[in-house]
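Below is the file final_26.pdb, which contains PDB, C-alpha atoms.
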```
ATOM      1  CA  MET A   1      96.833 -42.632 -30.652  1.00  0.00           C
ATOM      2  CA  ARG A   2      97.021 -41.346 -27.125  1.00  0.00           C
ATOM      3  CA  GLU A   3      95.073 -43.405 -24.626  1.00  0.00           C
ATOM      4  CA  ASN A   4      92.601 -40.585 -23.993  1.00  0.00           C
ATOM      5  CA  ALA A   5      92.345 -39.227 -27.572  1.00  0.00           C
ATOM      6  CA  VAL A   6      89.272 -39.495 -29.736  1.00  0.00           C
ATOM      7  CA  THR A   7      89.463 -41.904 -32.667  1.00  0.00           C
ATOM      8  CA  THR A   8      90.623 -40.759 -36.097  1.00  0.00           C
ATOM      9  CA  GLU A   9      87.101 -41.186 -37.442  1.00  0.00           C
ATOM     10  CA  GLN A  10      85.658 -39.086 -34.621  1.00  0.00           C
ATOM     11  CA  ALA A  11      88.247 -36.357 -35.228  1.00  0.00           C
ATOM     12  CA  GLN A  12      87.315 -36.272 -38.920  1.00  0.00           C
ATOM     13  CA  GLU A  13      83.606 -36.072 -38.086  1.00  0.00           C
ATOM     14  CA  LEU A  14      84.238 -33.251 -35.621  1.00  0.00           C
ATOM     15  CA  VAL A  15      85.949 -31.255 -38.369  1.00  0.00           C
ATOM     16  CA  GLU A  16      83.633 -32.145 -41.268  1.00  0.00           C
ATOM     17  CA  LEU A  17      80.294 -32.128 -39.483  1.00  0.00           C
ATOM     18  CA  LEU A  18      80.757 -29.543 -36.761  1.00  0.00           C
ATOM     19  CA  GLY A  19      83.676 -27.425 -37.921  1.00  0.00           C
ATOM     20  CA  TYR A  20      85.650 -28.126 -34.745  1.00  0.00           C
ATOM     21  CA  ASP A  21      89.072 -26.481 -35.162  1.00  0.00           C
ATOM     22  CA  PHE A  22      91.596 -28.204 -32.953  1.00  0.00           C
ATOM     23  CA  GLY A  23      94.751 -27.217 -34.804  1.00  0.00           C
ATOM     24  CA  LEU A  24      97.556 -29.744 -34.786  1.00  0.00           C
ATOM     25  CA  MET A  25      96.544 -31.700 -31.713  1.00  0.00           C
ATOM     26  CA  VAL A  26      93.729 -34.256 -31.761  1.00  0.00           C
ATOM     27  CA  PRO A  27      91.388 -33.419 -28.872  1.00  0.00           C
ATOM     28  CA  ASN A  28      91.093 -35.793 -25.971  1.00  0.00           C
ATOM     29  CA  VAL A  29      87.761 -37.307 -25.001  1.00  0.00           C
ATOM     30  CA  ASP A  30      87.141 -34.855 -22.168  1.00  0.00           C
ATOM     31  CA  GLN A  31      87.739 -31.823 -24.415  1.00  0.00           C
ATOM     32  CA  THR A  32      85.318 -33.266 -26.959  1.00  0.00           C
ATOM     33  CA  ILE A  33      82.679 -33.991 -24.318  1.00  0.00           C
ATOM     34  CA  ASP A  34      83.020 -30.407 -23.068  1.00  0.00           C
ATOM     35  CA  TYR A  35      82.719 -29.050 -26.626  1.00  0.00           C
ATOM     36  CA  LEU A  36      79.538 -31.053 -27.288  1.00  0.00           C
ATOM     37  CA  ARG A  37      78.029 -29.775 -24.032  1.00  0.00           C
ATOM     38  CA  LYS A  38      78.868 -26.124 -24.667  1.00  0.00           C
ATOM     39  CA  MET A  39      78.021 -25.961 -28.362  1.00  0.00           C
ATOM     40  CA  TYR A  40      75.169 -28.453 -28.759  1.00  0.00           C
ATOM     41  CA  ASN A  41      73.725 -28.988 -25.239  1.00  0.00           C
ATOM     42  CA  ILE A  42      74.625 -32.671 -25.400  1.00  0.00           C
ATOM     43  CA  VAL A  43      75.501 -33.918 -21.936  1.00  0.00           C
ATOM     44  CA  ILE A  44      77.538 -37.084 -21.397  1.00  0.00           C
ATOM     45  CA  TYR A  45      77.430 -38.354 -17.829  1.00  0.00           C
ATOM     46  CA  ASN A  46      77.800 -41.510 -15.730  1.00  0.00           C
ATOM     47  CA  LYS A  47      74.757 -43.720 -16.196  1.00  0.00           C
ATOM     48  CA  MET A  48      75.591 -45.516 -12.993  1.00  0.00           C
ATOM     49  CA  ALA A  49      78.183 -45.401 -10.295  1.00  0.00           C
ATOM     50  CA  PRO A  50      81.284 -47.371 -11.289  1.00  0.00           C
ATOM     51  CA  TYR A  51      81.328 -50.805  -9.686  1.00  0.00           C
ATOM     52  CA  VAL A  52      83.849 -53.585  -9.297  1.00  0.00           C
ATOM     53  CA  GLU A  53      83.080 -56.729 -11.236  1.00  0.00           C
ATOM     54  CA  PRO A  54      83.222 -59.585  -8.719  1.00  0.00           C
ATOM     55  CA  VAL A  55      84.923 -62.120 -11.004  1.00  0.00           C
ATOM     56  CA  SER A  56      87.603 -60.038 -12.754  1.00  0.00           C
ATOM     57  CA  HIS A  57      87.982 -57.395 -10.004  1.00  0.00           C
ATOM     58  CA  ARG A  58      87.929 -54.620 -12.631  1.00  0.00           C
ATOM     59  CA  ILE A  59      85.956 -51.400 -12.436  1.00  0.00           C
ATOM     60  CA  ILE A  60      83.064 -51.237 -14.922  1.00  0.00           C
ATOM     61  CA  TYR A  61      81.831 -47.950 -16.465  1.00  0.00           C
ATOM     62  CA  CYS A  62      78.762 -46.919 -18.452  1.00  0.00           C
ATOM     63  CA  PHE A  63      77.722 -43.480 -19.748  1.00  0.00           C
ATOM     64  CA  SER A  64      74.438 -41.938 -20.877  1.00  0.00           C
ATOM     65  CA  VAL A  65      74.038 -39.259 -23.534  1.00  0.00           C
ATOM     66  CA  LYS A  66      71.242 -36.679 -23.419  1.00  0.00           C
ATOM     67  CA  TRP A  67      70.337 -33.613 -25.418  1.00  0.00           C
ATOM     68  CA  CYS A  68      68.961 -30.820 -23.253  1.00  0.00           C
ATOM     69  CA  ASN A  69      66.508 -28.256 -24.619  1.00  0.00           C
ATOM     70  CA  LEU A  70      67.291 -25.132 -22.610  1.00  0.00           C
ATOM     71  CA  ARG A  71      63.896 -23.580 -23.339  1.00  0.00           C
ATOM     72  CA  ASP A  72      61.845 -26.461 -21.922  1.00  0.00           C
ATOM     73  CA  GLY A  73      64.032 -27.225 -18.913  1.00  0.00           C
ATOM     74  CA  TRP A  74      63.305 -30.475 -17.069  1.00  0.00           C
ATOM     75  CA  ASN A  75      60.809 -31.652 -19.699  1.00  0.00           C
ATOM     76  CA  GLY A  76      63.175 -30.817 -22.558  1.00  0.00           C
ATOM     77  CA  ARG A  77      65.674 -33.623 -22.021  1.00  0.00           C
ATOM     78  CA  GLU A  78      65.974 -36.279 -24.712  1.00  0.00           C
ATOM     79  CA  LEU A  79      67.805 -39.530 -24.058  1.00  0.00           C
ATOM     80  CA  ILE A  80      70.018 -40.199 -27.059  1.00  0.00           C
ATOM     81  CA  GLY A  81      71.558 -43.445 -25.866  1.00  0.00           C
ATOM     82  CA  ASN A  82      73.763 -45.385 -23.478  1.00  0.00           C
ATOM     83  CA  THR A  83      77.183 -46.920 -23.901  1.00  0.00           C
ATOM     84  CA  ASP A  84      78.023 -50.549 -23.318  1.00  0.00           C
ATOM     85  CA  TYR A  85      79.394 -51.625 -19.946  1.00  0.00           C
ATOM     86  CA  THR A  86      83.186 -51.648 -20.181  1.00  0.00           C
ATOM     87  CA  HIS A  87      86.249 -51.672 -17.961  1.00  0.00           C
ATOM     88  CA  ASP A  88      87.971 -48.994 -20.129  1.00  0.00           C
ATOM     89  CA  ILE A  89      86.678 -45.546 -19.183  1.00  0.00           C
ATOM     90  CA  TYR A  90      88.113 -43.965 -22.329  1.00  0.00           C
ATOM     91  CA  GLU A  91      86.385 -46.525 -24.523  1.00  0.00           C
ATOM     92  CA  ALA A  92      83.100 -45.761 -22.770  1.00  0.00           C
ATOM     93  CA  LYS A  93      83.614 -42.042 -23.403  1.00  0.00           C
ATOM     94  CA  ARG A  94      84.487 -42.691 -27.072  1.00  0.00           C
ATOM     95  CA  GLN A  95      81.284 -44.716 -27.429  1.00  0.00           C
ATOM     96  CA  ALA A  96      79.314 -41.822 -25.913  1.00  0.00           C
ATOM     97  CA  ILE A  97      80.948 -39.353 -28.323  1.00  0.00           C
ATOM     98  CA  SER A  98      80.016 -41.602 -31.255  1.00  0.00           C
ATOM     99  CA  ILE A  99      76.415 -41.722 -30.033  1.00  0.00           C
ATOM    100  CA  ALA A 100      76.355 -37.905 -29.853  1.00  0.00           C
ATOM    101  CA  LEU A 101      77.922 -37.472 -33.308  1.00  0.00           C
ATOM    102  CA  ASN A 102      75.441 -39.918 -34.854  1.00  0.00           C
ATOM    103  CA  TYR A 103      72.596 -37.978 -33.237  1.00  0.00           C
ATOM    104  CA  LEU A 104      73.879 -34.715 -34.700  1.00  0.00           C
ATOM    105  CA  LYS A 105      74.286 -36.314 -38.149  1.00  0.00           C
ATOM    106  CA  ASN A 106      70.748 -37.679 -38.048  1.00  0.00           C
ATOM    107  CA  LYS A 107      69.394 -34.301 -36.968  1.00  0.00           C
ATOM    108  CA  LYS A 108      71.413 -32.710 -39.799  1.00  0.00           C
ATOM    109  CA  TYR A 109      73.249 -30.304 -37.517  1.00  0.00           C
ATOM    110  CA  GLY A 110      76.414 -29.022 -39.014  1.00  0.00           C
ATOM    111  CA  LYS A 111      78.800 -26.087 -39.243  1.00  0.00           C
ATOM    112  CA  THR A 112      76.078 -23.550 -39.966  1.00  0.00           C
ATOM    113  CA  GLN A 113      73.351 -24.736 -37.612  1.00  0.00           C
ATOM    114  CA  LYS A 114      73.530 -24.902 -33.850  1.00  0.00           C
ATOM    115  CA  VAL A 115      71.119 -26.438 -31.398  1.00  0.00           C
TER     116      VAL A 115
END
```
Since I need it in another form, could you write the structure as structure tokens?
Amino acid sequence: MRENAVTTEQAQELVELLGYDFGLMVPNVDQTIDYLRKMYNIVIYNKMAPYVEPVSHRIIYCFSVKWCNLRDGWNGRELIGNTDYTHDIYEAKRQAISIALNYLKNKKYGKTQKV
């Protein structure tokens, strides 16, 4: 697996649940985040500014996941979840993608229904 690729399980869910057609190449995390934003109004963004952990001197990341209802604007945002704090930015993005995919599964969105 490429460092910035989604996991095999996430790739399978993207195909089975959402009908994402990525051909022969597994999408990277940024392509998947962009797809979720464009197709399902799920926005993945930095929960906080990255900071340097004082003991290990590593940068720590954390992302939030929200669904945005375009009709209701400001009041139509729903917090889906937050990732764990981690020093691996790609792992944080993969966690955020998993949170978004679980949300879509629980809401029963699939190939035929769009948000």
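With all atoms listed in the file taken into account, the protein and nucleic acid residues at most 9 Å from A:Tyr20 (excluding it and anything under 4 positions from it in its own chain) are Ala11, Glu13, Leu14, Val15, Glu16, Tyr35 and Lys111 of chain A.
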Checklist entry - Hey, what comes out of the PyMOL selection byres ((chain A and resi 87-89) around 10) on this file? Could you write it as an MDAnalysis selection string? => result chainID A and resid 4 50:53 56:63 84:86 90:95
Checklist entry - Evaluating the PyMOL selection byres ((chain A and resi 27) around 10) on the displayed file yields which residues, as number ranges by chain? => result A: 2, 4-7, 10-11, 14, 20-26, 28-33, 35
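A straight line drawn from atom CA of A:Lys47 to atom CA of A:Glu9 is 24.7 Å long.
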Next on the checklist: Just want the 12 Å neighbourhood of A:Tyr103, counted on all atoms listed in the file, with same-chain residues fewer than 6 positions away dropped. Output as a count of residues only.
Outcome noted: 16
Item to check | Separation of atom CA of A:Ser98 from atom CA of A:Arg77, in Å and rounded to one decimal | outcome: 18.8 Å
Item to check | Atomic distance atom CA of A:Thr83 - atom CA of A:Ser64, expressed in Å with one decimal | outcome: 6.4 Å
Item to check | Pick from A:Asp34, A:Asn41, A:Leu18, A:Thr8, whichever lies nearest to A:Arg71 using only C-alpha atoms | outcome: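 With only C-alpha atoms as the atom set, the closest residue is A:Asn41.
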Item to check | For A:Arg37, the nearest of the candidates A:Val55, A:Lys108, A:Asn75, A:Ala100, counting all atoms listed in the file | outcome: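 Smallest distance to A:Arg37 is found for A:Ala100.
For the set A:Ile44, A:Leu70, A:Leu101, A:Met39, the residue with the smallest atom-to-atom gap to A:Asn82 is A:Ile44, counting all atoms listed in the file.
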